[in-house]
$ cat final-v7.pdb   # PDB, C-alpha atoms, pLDDT in the B column
ATOM      1  CA  ILE A  12      29.962  21.898   6.961  1.00 30.00           C
ATOM      2  CA  GLN A  13      30.092  18.382   8.314  1.00 37.00           C
ATOM      3  CA  GLN A  14      26.797  17.276   9.688  1.00 42.00           C
ATOM      4  CA  GLU A  15      26.925  13.592  10.388  1.00 46.00           C
ATOM      5  CA  ALA A  16      24.770  13.700  13.495  1.00 46.00           C
ATOM      6  CA  ALA A  17      26.943  13.079  16.531  1.00 41.00           C
ATOM      7  CA  LEU A  18      23.934  11.480  18.196  1.00 43.00           C
ATOM      8  CA  GLY A  19      22.277   9.754  15.251  1.00 46.00           C
ATOM      9  CA  PRO A  20      24.796   6.953  14.662  1.00 51.00           C
ATOM     10  CA  ARG A  21      24.998   6.159  18.358  1.00 52.00           C
ATOM     11  CA  LEU A  22      21.228   5.992  18.624  1.00 56.00           C
ATOM     12  CA  LEU A  23      21.030   3.736  15.616  1.00 61.00           C
ATOM     13  CA  ASP A  24      23.654   1.357  16.977  1.00 62.00           C
ATOM     14  CA  ALA A  25      21.824   1.296  20.308  1.00 57.00           C
ATOM     15  CA  VAL A  26      18.658   0.227  18.495  1.00 56.00           C
ATOM     16  CA  ALA A  27      20.598  -2.403  16.573  1.00 55.00           C
ATOM     17  CA  GLU A  28      22.008  -3.719  19.853  1.00 58.00           C
ATOM     18  CA  ARG A  29      18.501  -3.999  21.321  1.00 52.00           C
ATOM     19  CA  ALA A  30      17.458  -5.840  18.181  1.00 50.00           C
ATOM     20  CA  LYS A  31      19.738  -8.703  19.163  1.00 51.00           C
ATOM     21  CA  GLN A  32      17.808  -9.038  22.402  1.00 52.00           C
ATOM     22  CA  CYS A  33      14.142  -8.251  21.621  1.00 51.00           C
ATOM     23  CA  HIS A  34      14.011  -8.097  17.836  1.00 61.00           C
ATOM     24  CA  PRO A  35      12.863  -4.574  16.944  1.00 75.00           C
ATOM     25  CA  ARG A  36      13.898  -3.637  13.408  1.00 93.00           C
ATOM     26  CA  VAL A  37      15.216  -0.715  11.424  1.00 97.00           C
ATOM     27  CA  ILE A  38      12.853   0.339   8.614  1.00 98.00           C
ATOM     28  CA  ALA A  39      14.455   2.604   6.004  1.00 98.00           C
ATOM     29  CA  ILE A  40      11.941   4.433   3.792  1.00 98.00           C
ATOM     30  CA  GLY A  41      12.500   6.137   0.449  1.00 98.00           C
ATOM     31  CA  ASP A  42      11.277   9.575  -0.654  1.00 98.00           C
ATOM     32  CA  VAL A  43       7.827  10.219   0.849  1.00 98.00           C
ATOM     33  CA  HIS A  44       7.260  13.707  -0.630  1.00 98.00           C
ATOM     34  CA  GLY A  45       4.212  14.437   1.498  1.00 97.00           C
ATOM     35  CA  CYS A  46       2.374  11.201   0.650  1.00 98.00           C
ATOM     36  CA  ILE A  47       0.971  10.655   4.137  1.00 98.00           C
ATOM     37  CA  ASP A  48      -1.634   8.006   3.235  1.00 97.00           C
ATOM     38  CA  GLU A  49       0.940   5.836   1.496  1.00 98.00           C
ATOM     39  CA  LEU A  50       3.363   6.274   4.401  1.00 98.00           C
ATOM     40  CA  GLN A  51       0.752   5.071   6.891  1.00 98.00           C
ATOM     41  CA  ASP A  52      -0.124   2.144   4.617  1.00 98.00           C
ATOM     42  CA  LEU A  53       3.546   1.224   4.229  1.00 98.00           C
ATOM     43  CA  LEU A  54       4.125   1.214   7.980  1.00 98.00           C
ATOM     44  CA  ARG A  55       1.153  -1.128   8.347  1.00 97.00           C
ATOM     45  CA  ARG A  56       2.464  -3.338   5.527  1.00 97.00           C
ATOM     46  CA  CYS A  57       5.816  -3.494   7.340  1.00 97.00           C
ATOM     47  CA  ASN A  58       3.961  -4.445  10.540  1.00 96.00           C
ATOM     48  CA  TYR A  59       5.603  -1.493  12.296  1.00 96.00           C
ATOM     49  CA  GLN A  60       5.671  -1.931  16.070  1.00 93.00           C
ATOM     50  CA  PRO A  61       6.750   0.447  18.842  1.00 91.00           C
ATOM     51  CA  GLY A  62      10.451  -0.187  19.316  1.00 92.00           C
ATOM     52  CA  ASP A  63      11.134  -0.433  15.595  1.00 96.00           C
ATOM     53  CA  LEU A  64      13.233   2.457  14.309  1.00 97.00           C
ATOM     54  CA  VAL A  65      12.162   4.213  11.126  1.00 98.00           C
ATOM     55  CA  VAL A  66      14.881   6.011   9.145  1.00 98.00           C
ATOM     56  CA  PHE A  67      13.707   8.329   6.366  1.00 98.00           C
ATOM     57  CA  LEU A  68      16.066   8.723   3.420  1.00 98.00           C
ATOM     58  CA  GLY A  69      15.230  12.385   2.860  1.00 96.00           C
ATOM     59  CA  ASP A  70      12.690  14.420   0.912  1.00 97.00           C
ATOM     60  CA  LEU A  71       9.848  13.854   3.306  1.00 98.00           C
ATOM     61  CA  VAL A  72       8.313  17.054   1.981  1.00 98.00           C
ATOM     62  CA  CYS A  73       7.059  18.822  -1.167  1.00 97.00           C
ATOM     63  CA  LYS A  74       5.200  17.744  -4.308  1.00 96.00           C
ATOM     64  CA  GLY A  75       2.696  15.542  -2.459  1.00 96.00           C
ATOM     65  CA  PRO A  76      -0.525  16.328  -0.587  1.00 96.00           C
ATOM     66  CA  ASP A  77       0.457  16.735   3.085  1.00 97.00           C
ATOM     67  CA  SER A  78       4.091  17.380   3.972  1.00 97.00           C
ATOM     68  CA  VAL A  79       3.275  18.736   7.424  1.00 97.00           C
ATOM     69  CA  SER A  80       1.495  15.531   8.477  1.00 97.00           C
ATOM     70  CA  VAL A  81       4.471  13.469   7.278  1.00 98.00           C
ATOM     71  CA  ILE A  82       6.831  15.434   9.524  1.00 98.00           C
ATOM     72  CA  GLN A  83       4.426  15.217  12.450  1.00 97.00           C
ATOM     73  CA  LEU A  84       4.132  11.441  12.042  1.00 97.00           C
ATOM     74  CA  ALA A  85       7.918  11.111  11.840  1.00 97.00           C
ATOM     75  CA  ARG A  86       8.255  13.011  15.099  1.00 97.00           C
ATOM     76  CA  GLU A  87       5.489  11.052  16.810  1.00 96.00           C
ATOM     77  CA  ILE A  88       7.109   7.682  16.127  1.00 97.00           C
ATOM     78  CA  GLY A  89      10.602   8.885  17.086  1.00 96.00           C
ATOM     79  CA  ALA A  90      11.970   8.429  13.583  1.00 97.00           C
ATOM     80  CA  LEU A  91      15.411   9.427  12.390  1.00 97.00           C
ATOM     81  CA  GLY A  92      16.163  10.731   8.933  1.00 97.00           C
ATOM     82  CA  VAL A  93      18.718  12.310   6.643  1.00 98.00           C
ATOM     83  CA  ARG A  94      18.410  15.654   4.906  1.00 97.00           C
ATOM     84  CA  GLY A  95      17.134  15.731   1.345  1.00 97.00           C
ATOM     85  CA  ASN A  96      17.325  18.612  -1.097  1.00 97.00           C
ATOM     86  CA  HIS A  97      13.659  19.554  -0.598  1.00 97.00           C
ATOM     87  CA  ASP A  98      13.964  19.295   3.182  1.00 97.00           C
ATOM     88  CA  PHE A  99      16.953  21.633   2.906  1.00 96.00           C
ATOM     89  CA  GLU A 100      14.937  24.272   1.037  1.00 95.00           C
ATOM     90  CA  VAL A 101      12.112  24.120   3.581  1.00 96.00           C
ATOM     91  CA  ILE A 102      14.650  24.530   6.395  1.00 96.00           C
ATOM     92  CA  ARG A 103      16.098  27.605   4.646  1.00 93.00           C
ATOM     93  CA  TRP A 104      12.656  29.208   4.411  1.00 93.00           C
ATOM     94  CA  ALA A 105      11.804  28.317   8.009  1.00 93.00           C
ATOM     95  CA  GLN A 106      14.964  30.073   9.168  1.00 92.00           C
ATOM     96  CA  ALA A 107      14.151  33.083   6.979  1.00 91.00           C
ATOM     97  CA  ILE A 108      10.624  33.305   8.402  1.00 88.00           C
ATOM     98  CA  GLN A 109      12.004  33.198  11.932  1.00 85.00           C
ATOM     99  CA  VAL A 110      14.136  36.305  11.303  1.00 88.00           C
ATOM    100  CA  GLY A 111      11.324  38.200   9.647  1.00 82.00           C
ATOM    101  CA  VAL A 112      12.092  37.818   5.962  1.00 83.00           C
ATOM    102  CA  LYS A 113       9.051  38.790   3.906  1.00 81.00           C
ATOM    103  CA  PRO A 114       7.464  36.090   1.750  1.00 78.00           C
ATOM    104  CA  PRO A 115       8.374  36.063  -1.944  1.00 76.00           C
ATOM    105  CA  LYS A 116       5.914  37.621  -4.383  1.00 75.00           C
ATOM    106  CA  ASN A 117       5.417  34.251  -6.029  1.00 75.00           C
ATOM    107  CA  THR A 118       5.345  32.011  -2.972  1.00 76.00           C
ATOM    108  CA  SER A 119       7.193  28.753  -3.487  1.00 90.00           C
ATOM    109  CA  GLU A 120       5.959  25.415  -2.227  1.00 93.00           C
ATOM    110  CA  HIS A 121       8.939  25.294   0.133  1.00 94.00           C
ATOM    111  CA  TYR A 122       7.885  28.614   1.678  1.00 93.00           C
ATOM    112  CA  ARG A 123       4.255  27.514   2.044  1.00 93.00           C
ATOM    113  CA  ILE A 124       5.285  24.344   3.859  1.00 96.00           C
ATOM    114  CA  ALA A 125       7.759  26.182   6.092  1.00 94.00           C
ATOM    115  CA  SER A 126       5.101  28.712   7.091  1.00 93.00           C
ATOM    116  CA  ARG A 127       2.814  25.911   8.329  1.00 95.00           C
ATOM    117  CA  LEU A 128       5.370  24.068  10.465  1.00 95.00           C
ATOM    118  CA  SER A 129       5.396  24.288  14.250  1.00 95.00           C
ATOM    119  CA  GLN A 130       8.610  25.141  16.075  1.00 94.00           C
ATOM    120  CA  ASP A 131       8.998  21.475  16.998  1.00 95.00           C
ATOM    121  CA  ASP A 132       8.523  20.464  13.348  1.00 96.00           C
ATOM    122  CA  VAL A 133      11.199  22.936  12.253  1.00 95.00           C
ATOM    123  CA  ALA A 134      13.581  21.747  14.974  1.00 95.00           C
ATOM    124  CA  TRP A 135      13.152  18.099  13.935  1.00 97.00           C
ATOM    125  CA  LEU A 136      13.728  18.933  10.279  1.00 96.00           C
ATOM    126  CA  HIS A 137      16.696  21.164  11.074  1.00 95.00           C
ATOM    127  CA  ASN A 138      18.353  18.359  13.037  1.00 95.00           C
ATOM    128  CA  LEU A 139      18.390  15.972  10.081  1.00 96.00           C
ATOM    129  CA  PRO A 140      22.048  15.138   9.329  1.00 97.00           C
ATOM    130  CA  TRP A 141      23.606  14.731   5.903  1.00 96.00           C
ATOM    131  CA  TYR A 142      24.028  11.020   6.540  1.00 97.00           C
ATOM    132  CA  ILE A 143      23.795   8.399   9.267  1.00 97.00           C
ATOM    133  CA  SER A 144      26.268   5.572   9.777  1.00 95.00           C
ATOM    134  CA  SER A 145      25.541   2.350  11.653  1.00 95.00           C
ATOM    135  CA  ARG A 146      28.592   0.225  12.332  1.00 92.00           C
ATOM    136  CA  ASP A 147      26.546  -2.604  13.772  1.00 92.00           C
ATOM    137  CA  LEU A 148      24.307  -2.854  10.723  1.00 94.00           C
ATOM    138  CA  GLY A 149      27.157  -2.171   8.311  1.00 94.00           C
ATOM    139  CA  THR A 150      24.943   0.441   6.698  1.00 96.00           C
ATOM    140  CA  LEU A 151      25.053   4.087   5.613  1.00 97.00           C
ATOM    141  CA  PHE A 152      21.890   6.124   5.117  1.00 98.00           C
ATOM    142  CA  VAL A 153      21.997   9.150   2.790  1.00 98.00           C
ATOM    143  CA  HIS A 154      19.573  10.985   0.538  1.00 98.00           C
ATOM    144  CA  ALA A 155      21.391  11.029  -2.807  1.00 97.00           C
ATOM    145  CA  GLY A 156      24.734   9.265  -2.599  1.00 97.00           C
ATOM    146  CA  PHE A 157      28.457   9.265  -1.927  1.00 97.00           C
ATOM    147  CA  VAL A 158      31.570   9.648  -4.036  1.00 96.00           C
ATOM    148  CA  ALA A 159      33.627   6.469  -3.729  1.00 94.00           C
ATOM    149  CA  GLY A 160      37.188   6.901  -2.502  1.00 92.00           C
ATOM    150  CA  ILE A 161      36.449   9.968  -0.342  1.00 93.00           C
ATOM    151  CA  ARG A 162      36.265   9.688   3.429  1.00 93.00           C
ATOM    152  CA  LEU A 163      32.778  10.188   4.841  1.00 94.00           C
ATOM    153  CA  ALA A 164      33.942  13.209   6.816  1.00 92.00           C
ATOM    154  CA  ASN A 165      35.104  14.828   3.576  1.00 95.00           C
ATOM    155  CA  GLN A 166      32.002  14.171   1.451  1.00 96.00           C
ATOM    156  CA  ASN A 167      30.350  17.269  -0.006  1.00 96.00           C
ATOM    157  CA  PRO A 168      26.948  17.932   1.643  1.00 96.00           C
ATOM    158  CA  ARG A 169      25.523  19.415  -1.562  1.00 96.00           C
ATOM    159  CA  LEU A 170      26.389  16.229  -3.441  1.00 97.00           C
ATOM    160  CA  MET A 171      25.016  14.019  -0.676  1.00 97.00           C
ATOM    161  CA  MET A 172      21.649  15.723  -1.251  1.00 97.00           C
ATOM    162  CA  ASN A 173      21.707  16.028  -5.042  1.00 96.00           C
ATOM    163  CA  MET A 174      24.002  13.595  -6.896  1.00 96.00           C
ATOM    164  CA  ARG A 175      22.700  10.865  -9.195  1.00 95.00           C
ATOM    165  CA  SER A 176      25.499  10.017 -11.624  1.00 96.00           C
ATOM    166  CA  ILE A 177      29.286   9.962 -11.852  1.00 95.00           C
ATOM    167  CA  LEU A 178      30.532  10.213 -15.421  1.00 95.00           C
ATOM    168  CA  PRO A 179      33.597   8.320 -16.716  1.00 92.00           C
ATOM    169  CA  ASP A 180      35.709  11.502 -16.376  1.00 91.00           C
ATOM    170  CA  GLY A 181      34.779  11.736 -12.685  1.00 92.00           C
ATOM    171  CA  THR A 182      32.199  14.507 -13.049  1.00 93.00           C
ATOM    172  CA  VAL A 183      29.512  14.245 -10.372  1.00 95.00           C
ATOM    173  CA  THR A 184      26.096  15.386 -11.553  1.00 93.00           C
ATOM    174  CA  SER A 185      22.488  15.501 -10.378  1.00 92.00           C
ATOM    175  CA  LYS A 186      21.320  14.223 -13.786  1.00 92.00           C
ATOM    176  CA  SER A 187      20.382  10.579 -14.322  1.00 87.00           C
ATOM    177  CA  PHE A 188      22.657   9.193 -17.020  1.00 87.00           C
ATOM    178  CA  SER A 189      21.429   5.646 -17.508  1.00 82.00           C
ATOM    179  CA  ASN A 190      24.861   4.008 -17.767  1.00 88.00           C
ATOM    180  CA  TRP A 191      26.607   5.958 -15.025  1.00 92.00           C
ATOM    181  CA  PRO A 192      24.828   5.730 -11.653  1.00 94.00           C
ATOM    182  CA  TRP A 193      27.135   6.699  -8.806  1.00 95.00           C
ATOM    183  CA  SER A 194      26.263   3.430  -7.060  1.00 93.00           C
ATOM    184  CA  ARG A 195      28.134   1.354  -9.668  1.00 92.00           C
ATOM    185  CA  LEU A 196      31.398   2.698  -8.225  1.00 92.00           C
ATOM    186  CA  TRP A 197      30.544   2.087  -4.576  1.00 95.00           C
ATOM    187  CA  ASP A 198      32.285  -1.093  -3.467  1.00 91.00           C
ATOM    188  CA  GLY A 199      31.505  -1.045   0.243  1.00 86.00           C
ATOM    189  CA  PRO A 200      32.240  -2.465   2.668  1.00 93.00           C
ATOM    190  CA  GLN A 201      29.198  -0.672   4.121  1.00 95.00           C
ATOM    191  CA  THR A 202      25.907  -0.923   2.249  1.00 96.00           C
ATOM    192  CA  VAL A 203      24.387   2.437   1.312  1.00 98.00           C
ATOM    193  CA  LEU A 204      20.617   2.954   1.459  1.00 98.00           C
ATOM    194  CA  PHE A 205      19.597   6.037  -0.520  1.00 98.00           C
ATOM    195  CA  GLY A 206      16.743   7.788  -2.303  1.00 97.00           C
ATOM    196  CA  HIS A 207      16.508  10.797  -4.663  1.00 96.00           C
ATOM    197  CA  ASP A 208      16.473   8.915  -7.973  1.00 94.00           C
ATOM    198  CA  ALA A 209      12.890   8.196  -9.009  1.00 93.00           C
ATOM    199  CA  ASP A 210      13.856   7.956 -12.683  1.00 92.00           C
ATOM    200  CA  ARG A 211      15.914   4.824 -12.028  1.00 93.00           C
ATOM    201  CA  GLY A 212      13.439   3.458  -9.508  1.00 94.00           C
ATOM    202  CA  LEU A 213      14.447   0.555  -7.292  1.00 96.00           C
ATOM    203  CA  GLN A 214      18.197  -0.008  -7.522  1.00 95.00           C
ATOM    204  CA  GLN A 215      19.790  -3.128  -6.122  1.00 94.00           C
ATOM    205  CA  ASN A 216      23.560  -3.276  -6.216  1.00 92.00           C
ATOM    206  CA  GLU A 217      25.861  -5.379  -4.071  1.00 91.00           C
ATOM    207  CA  HIS A 218      26.652  -2.473  -1.728  1.00 95.00           C
ATOM    208  CA  ALA A 219      23.976   0.130  -2.542  1.00 97.00           C
ATOM    209  CA  ILE A 220      20.178  -0.004  -2.571  1.00 97.00           C
ATOM    210  CA  GLY A 221      18.125   2.859  -4.016  1.00 97.00           C
ATOM    211  CA  LEU A 222      14.628   3.139  -2.545  1.00 98.00           C
ATOM    212  CA  ASP A 223      13.093   6.103  -4.397  1.00 97.00           C
ATOM    213  CA  THR A 224      10.369   4.361  -6.385  1.00 98.00           C
ATOM    214  CA  GLY A 225       8.469   7.518  -7.313  1.00 97.00           C
ATOM    215  CA  CYS A 226       5.436   7.389  -5.038  1.00 98.00           C
ATOM    216  CA  VAL A 227       4.531  11.034  -5.642  1.00 97.00           C
ATOM    217  CA  TYR A 228       4.629  10.386  -9.410  1.00 97.00           C
ATOM    218  CA  GLY A 229       2.170   7.508  -9.146  1.00 97.00           C
ATOM    219  CA  GLY A 230       4.747   4.779  -8.517  1.00 97.00           C
ATOM    220  CA  SER A 231       5.208   3.188  -5.106  1.00 98.00           C
ATOM    221  CA  LEU A 232       6.651   3.897  -1.667  1.00 98.00           C
ATOM    222  CA  THR A 233       9.367   1.437  -0.691  1.00 98.00           C
ATOM    223  CA  ALA A 234      11.005   0.379   2.559  1.00 98.00           C
ATOM    224  CA  CYS A 235      14.005  -1.795   3.316  1.00 98.00           C
ATOM    225  CA  ILE A 236      13.778  -3.659   6.613  1.00 98.00           C
ATOM    226  CA  LEU A 237      17.069  -4.318   8.390  1.00 96.00           C
ATOM    227  CA  PRO A 238      18.949  -6.358   9.238  1.00 95.00           C
ATOM    228  CA  GLU A 239      17.521  -8.828   6.687  1.00 94.00           C
ATOM    229  CA  LYS A 240      17.314  -6.204   3.873  1.00 95.00           C
ATOM    230  CA  ARG A 241      13.764  -7.229   3.054  1.00 97.00           C
ATOM    231  CA  LEU A 242      12.006  -4.909   0.600  1.00 98.00           C
ATOM    232  CA  VAL A 243       8.379  -3.884   1.151  1.00 98.00           C
ATOM    233  CA  SER A 244       6.383  -1.496  -1.021  1.00 98.00           C
ATOM    234  CA  ILE A 245       2.926   0.007  -1.334  1.00 97.00           C
ATOM    235  CA  GLU A 246       1.428   1.379  -4.533  1.00 98.00           C
ATOM    236  CA  ALA A 247       0.608   5.088  -4.738  1.00 97.00           C
ATOM    237  CA  LYS A 248      -3.077   5.902  -4.460  1.00 97.00           C
ATOM    238  CA  ARG A 249      -2.746   8.271  -7.418  1.00 96.00           C
ATOM    239  CA  LYS A 250      -0.295  10.436  -9.331  1.00 96.00           C
ATOM    240  CA  TYR A 251       0.212  13.633  -7.336  1.00 94.00           C
ATOM    241  CA  ARG A 252       2.803  15.275  -9.571  1.00 87.00           C
ATOM    242  CA  HIS A 253       4.030  14.829 -13.128  1.00 87.00           C
ATOM    243  CA  LYS A 254       7.772  14.350 -13.557  1.00 80.00           C
ATOM    244  CA  SER A 255       9.543  17.394 -14.907  1.00 74.00           C
ATOM    245  CA  LYS A 256      11.322  16.895 -18.193  1.00 57.00           C
TER     246      LYS A 256
END

$ encode --input "final-v7.pdb" --output "C-alpha cells"
Amino acid sequence: IQQEAALGPRLLDAVAERAKQCHPRVIAIGDVHGCIDELQDLLRRCNYQPGDLVVFLGDLVCKGPDSVSVIQLAREIGALGVRGNHDFEVIRWAQAIQVGVKPPKNTSEHYRIASRLSQDDVAWLHNLPWYISSRDLGTLFVHAGFVAGIRLANQNPRLMMNMRSILPDGTVTSKSFSNWPWSRLWDGPQTVLFGHDADRGLQQNEHAIGLDTGCVYGGSLTACILPEKRLVSIEAKRKYRHKSK
C-alpha cells in the first residue's frame, strides 16, 4: 500500500511558499508518546505562532500520560504528521471497535487509547501518511527511515514505521545496532527528518536528522525548525516509562 498523502506534500509546499512572503515556519517534532505537557512547553519554546506548520514524526501516542490530548492538540493547531508504529496499532484497534470487535481479555494500551478517541480523532490519525515530501524545503518526513537506493513510491510501509538499522549484508532491522544506523547510507539529496530511535537519541547526519530524544523515558522532546534546521528541545518533566530491554 502506498500512502504518501496526495494532499500532504502539496499543503506543505504551500506553507513553504507562504514562508517566503510572511515568514511562518515548519516545526518538525520527534516522538511525543502522549507527553502533552512537554509538547505544550516545546511549542512555547519554539515560539509557535498561528501560521506555523507543525509536522509530527509519528508515535504521538502510547507509553506517556495523555495520548488523547496530544491528538486533540495536533488537530486544533492544524498539524500534519506521519504514521508511527504505535499510531498504526491504535488505528487498527479503532477500526476494529467500529465494526464491533470485542475488546481483548487483557486490554492493550493501544485498545484503551482507541476506545477513548472521538470520530474526528480517529479520522485525523487514520489520515496520517507513511511519509511526507516537501520539494521546496528539500525535506522528507518519516517515522523510522528509508532504504537508500529505492524509490520513495516503492519503500516498504512496515519498514518506514519500524526500521532502525541496515546491516552490512543489506538486512533491514528494527534493532539498534550501534555501528549500522540506516541513516549512514542515506546520501540525499533530500534531508530526512525522522524519529523512532530513542536509544540513539539525537542524530545529526549530513542528510538525515533523528529527533527521537526519548521524552517518555525521561529524556527530552526535540523539534527541528525549518528552513534553518534549528534544533529546540525541552526536558521531560519525569520518566513516564522505563525502556524495555

$ resolve_selection --input "final-v7.pdb" --expression "the PyMOL selection byres ((chain A and resi 77-85) around 12)" --output "PyMOL selection string"
chain A and resi 40+42-51+54+64-76+86-92+97-98+101+120-121+123-137+139+227+251

$ write_last_selection --input "final-v7.pdb" --atoms "C-alpha atoms" --output "short mmCIF file (atom, residue, chain, number, x, y, z; two decimals), in the frame of the given file"
data_model
loop_
_atom_site.label_atom_id
_atom_site.label_comp_id
_atom_site.auth_asym_id
_atom_site.auth_seq_id
_atom_site.Cartn_x
_atom_site.Cartn_y
_atom_site.Cartn_z
CA ILE A 40 11.94 4.43 3.79
CA ASP A 42 11.28 9.57 -0.65
CA VAL A 43 7.83 10.22 0.85
CA HIS A 44 7.26 13.71 -0.63
CA GLY A 45 4.21 14.44 1.50
CA CYS A 46 2.37 11.20 0.65
CA ILE A 47 0.97 10.66 4.14
CA ASP A 48 -1.63 8.01 3.24
CA GLU A 49 0.94 5.84 1.50
CA LEU A 50 3.36 6.27 4.40
CA GLN A 51 0.75 5.07 6.89
CA LEU A 54 4.12 1.21 7.98
CA LEU A 64 13.23 2.46 14.31
CA VAL A 65 12.16 4.21 11.13
CA VAL A 66 14.88 6.01 9.14
CA PHE A 67 13.71 8.33 6.37
CA LEU A 68 16.07 8.72 3.42
CA GLY A 69 15.23 12.38 2.86
CA ASP A 70 12.69 14.42 0.91
CA LEU A 71 9.85 13.85 3.31
CA VAL A 72 8.31 17.05 1.98
CA CYS A 73 7.06 18.82 -1.17
CA LYS A 74 5.20 17.74 -4.31
CA GLY A 75 2.70 15.54 -2.46
CA PRO A 76 -0.52 16.33 -0.59
CA ARG A 86 8.26 13.01 15.10
CA GLU A 87 5.49 11.05 16.81
CA ILE A 88 7.11 7.68 16.13
CA GLY A 89 10.60 8.88 17.09
CA ALA A 90 11.97 8.43 13.58
CA LEU A 91 15.41 9.43 12.39
CA GLY A 92 16.16 10.73 8.93
CA HIS A 97 13.66 19.55 -0.60
CA ASP A 98 13.96 19.30 3.18
CA VAL A 101 12.11 24.12 3.58
CA GLU A 120 5.96 25.42 -2.23
CA HIS A 121 8.94 25.29 0.13
CA ARG A 123 4.26 27.51 2.04
CA ILE A 124 5.28 24.34 3.86
CA ALA A 125 7.76 26.18 6.09
CA SER A 126 5.10 28.71 7.09
CA ARG A 127 2.81 25.91 8.33
CA LEU A 128 5.37 24.07 10.46
CA SER A 129 5.40 24.29 14.25
CA GLN A 130 8.61 25.14 16.08
CA ASP A 131 9.00 21.48 17.00
CA ASP A 132 8.52 20.46 13.35
CA VAL A 133 11.20 22.94 12.25
CA ALA A 134 13.58 21.75 14.97
CA TRP A 135 13.15 18.10 13.94
CA LEU A 136 13.73 18.93 10.28
CA HIS A 137 16.70 21.16 11.07
CA LEU A 139 18.39 15.97 10.08
CA VAL A 227 4.53 11.03 -5.64
CA TYR A 251 0.21 13.63 -7.34
#

$ resolve_selection --input "final-v7.pdb" --expression "the PyMOL selection byres ((chain A and resi 188-202) around 8)" --output "PyMOL selection string"
chain A and resi 149-151+156-159+174-179+186-187+203-204+211+216-220

$ resolve_selection --input "final-v7.pdb" --expression "the PyMOL selection byres ((chain A and resi 225) around 10)" --output "list in words"
Gly41, Asp42, Val43, His44, Gly206, His207, Asp208, Ala209, Asp210, Arg211, Gly212, Leu213, Leu222, Asp223, Thr224, Cys226, Val227, Tyr228, Gly229, Gly230, Ser231, Leu232, Thr233, Glu246, Ala247, Lys250, Arg252 and Lys254 of chain A

$ write_last_selection --input "final-v7.pdb" --atoms "C-alpha atoms" --output "mmCIF file, keeping the file's coordinate frame"
data_model
loop_
_atom_site.group_PDB
_atom_site.id
_atom_site.type_symbol
_atom_site.label_atom_id
_atom_site.label_comp_id
_atom_site.auth_asym_id
_atom_site.auth_seq_id
_atom_site.Cartn_x
_atom_site.Cartn_y
_atom_site.Cartn_z
ATOM 1 C CA GLY A 41 12.500 6.137 0.449
ATOM 2 C CA ASP A 42 11.277 9.575 -0.654
ATOM 3 C CA VAL A 43 7.827 10.219 0.849
ATOM 4 C CA HIS A 44 7.260 13.707 -0.630
ATOM 5 C CA GLY A 206 16.743 7.788 -2.303
ATOM 6 C CA HIS A 207 16.508 10.797 -4.663
ATOM 7 C CA ASP A 208 16.473 8.915 -7.973
ATOM 8 C CA ALA A 209 12.890 8.196 -9.009
ATOM 9 C CA ASP A 210 13.856 7.956 -12.683
ATOM 10 C CA ARG A 211 15.914 4.824 -12.028
ATOM 11 C CA GLY A 212 13.439 3.458 -9.508
ATOM 12 C CA LEU A 213 14.447 0.555 -7.292
ATOM 13 C CA LEU A 222 14.628 3.139 -2.545
ATOM 14 C CA ASP A 223 13.093 6.103 -4.397
ATOM 15 C CA THR A 224 10.369 4.361 -6.385
ATOM 16 C CA CYS A 226 5.436 7.389 -5.038
ATOM 17 C CA VAL A 227 4.531 11.034 -5.642
ATOM 18 C CA TYR A 228 4.629 10.386 -9.410
ATOM 19 C CA GLY A 229 2.170 7.508 -9.146
ATOM 20 C CA GLY A 230 4.747 4.779 -8.517
ATOM 21 C CA SER A 231 5.208 3.188 -5.106
ATOM 22 C CA LEU A 232 6.651 3.897 -1.667
ATOM 23 C CA THR A 233 9.367 1.437 -0.691
ATOM 24 C CA GLU A 246 1.428 1.379 -4.533
ATOM 25 C CA ALA A 247 0.608 5.088 -4.738
ATOM 26 C CA LYS A 250 -0.295 10.436 -9.331
ATOM 27 C CA ARG A 252 2.803 15.275 -9.571
ATOM 28 C CA LYS A 254 7.772 14.350 -13.557
#

$ closest_residue --input "final-v7.pdb" --among "A:Val112, A:Gln166, A:Tyr142, A:Ile102" --to "A:Phe205" --atoms "all atoms listed in the file"
A:Tyr142

$ residues_around --input "final-v7.pdb" --residues "A:Pro238" --least-positions-apart "5" --cutoff "8 Å" --atoms "all atoms listed in the file" --output "list in words"
Arg36, Val37 and Leu148 of chain A

$ atom_distance --input "final-v7.pdb" --atom1 "atom CA of A:Glu239" --atom2 "atom CA of A:Ser144"
17.1 Å

$ atom_distance --input "final-v7.pdb" --atom1 "atom CA of A:His154" --atom2 "atom CA of A:Thr118"
25.6 Å

$ atom_distance --input "final-v7.pdb" --atom1 "atom CA of A:Glu100" --atom2 "atom CA of A:Val243"
28.9 Å

$ closest_residue --input "final-v7.pdb" --among "A:Pro168, A:Pro61, A:Pro35, A:Gly160" --to "A:Gly95" --atoms "all atoms listed in the file"
A:Pro168

$ closest_residue --input "final-v7.pdb" --among "A:Ala164, A:Val153, A:Leu237, A:Leu53" --to "A:Asn96" --atoms "all atoms listed in the file"
A:Val153
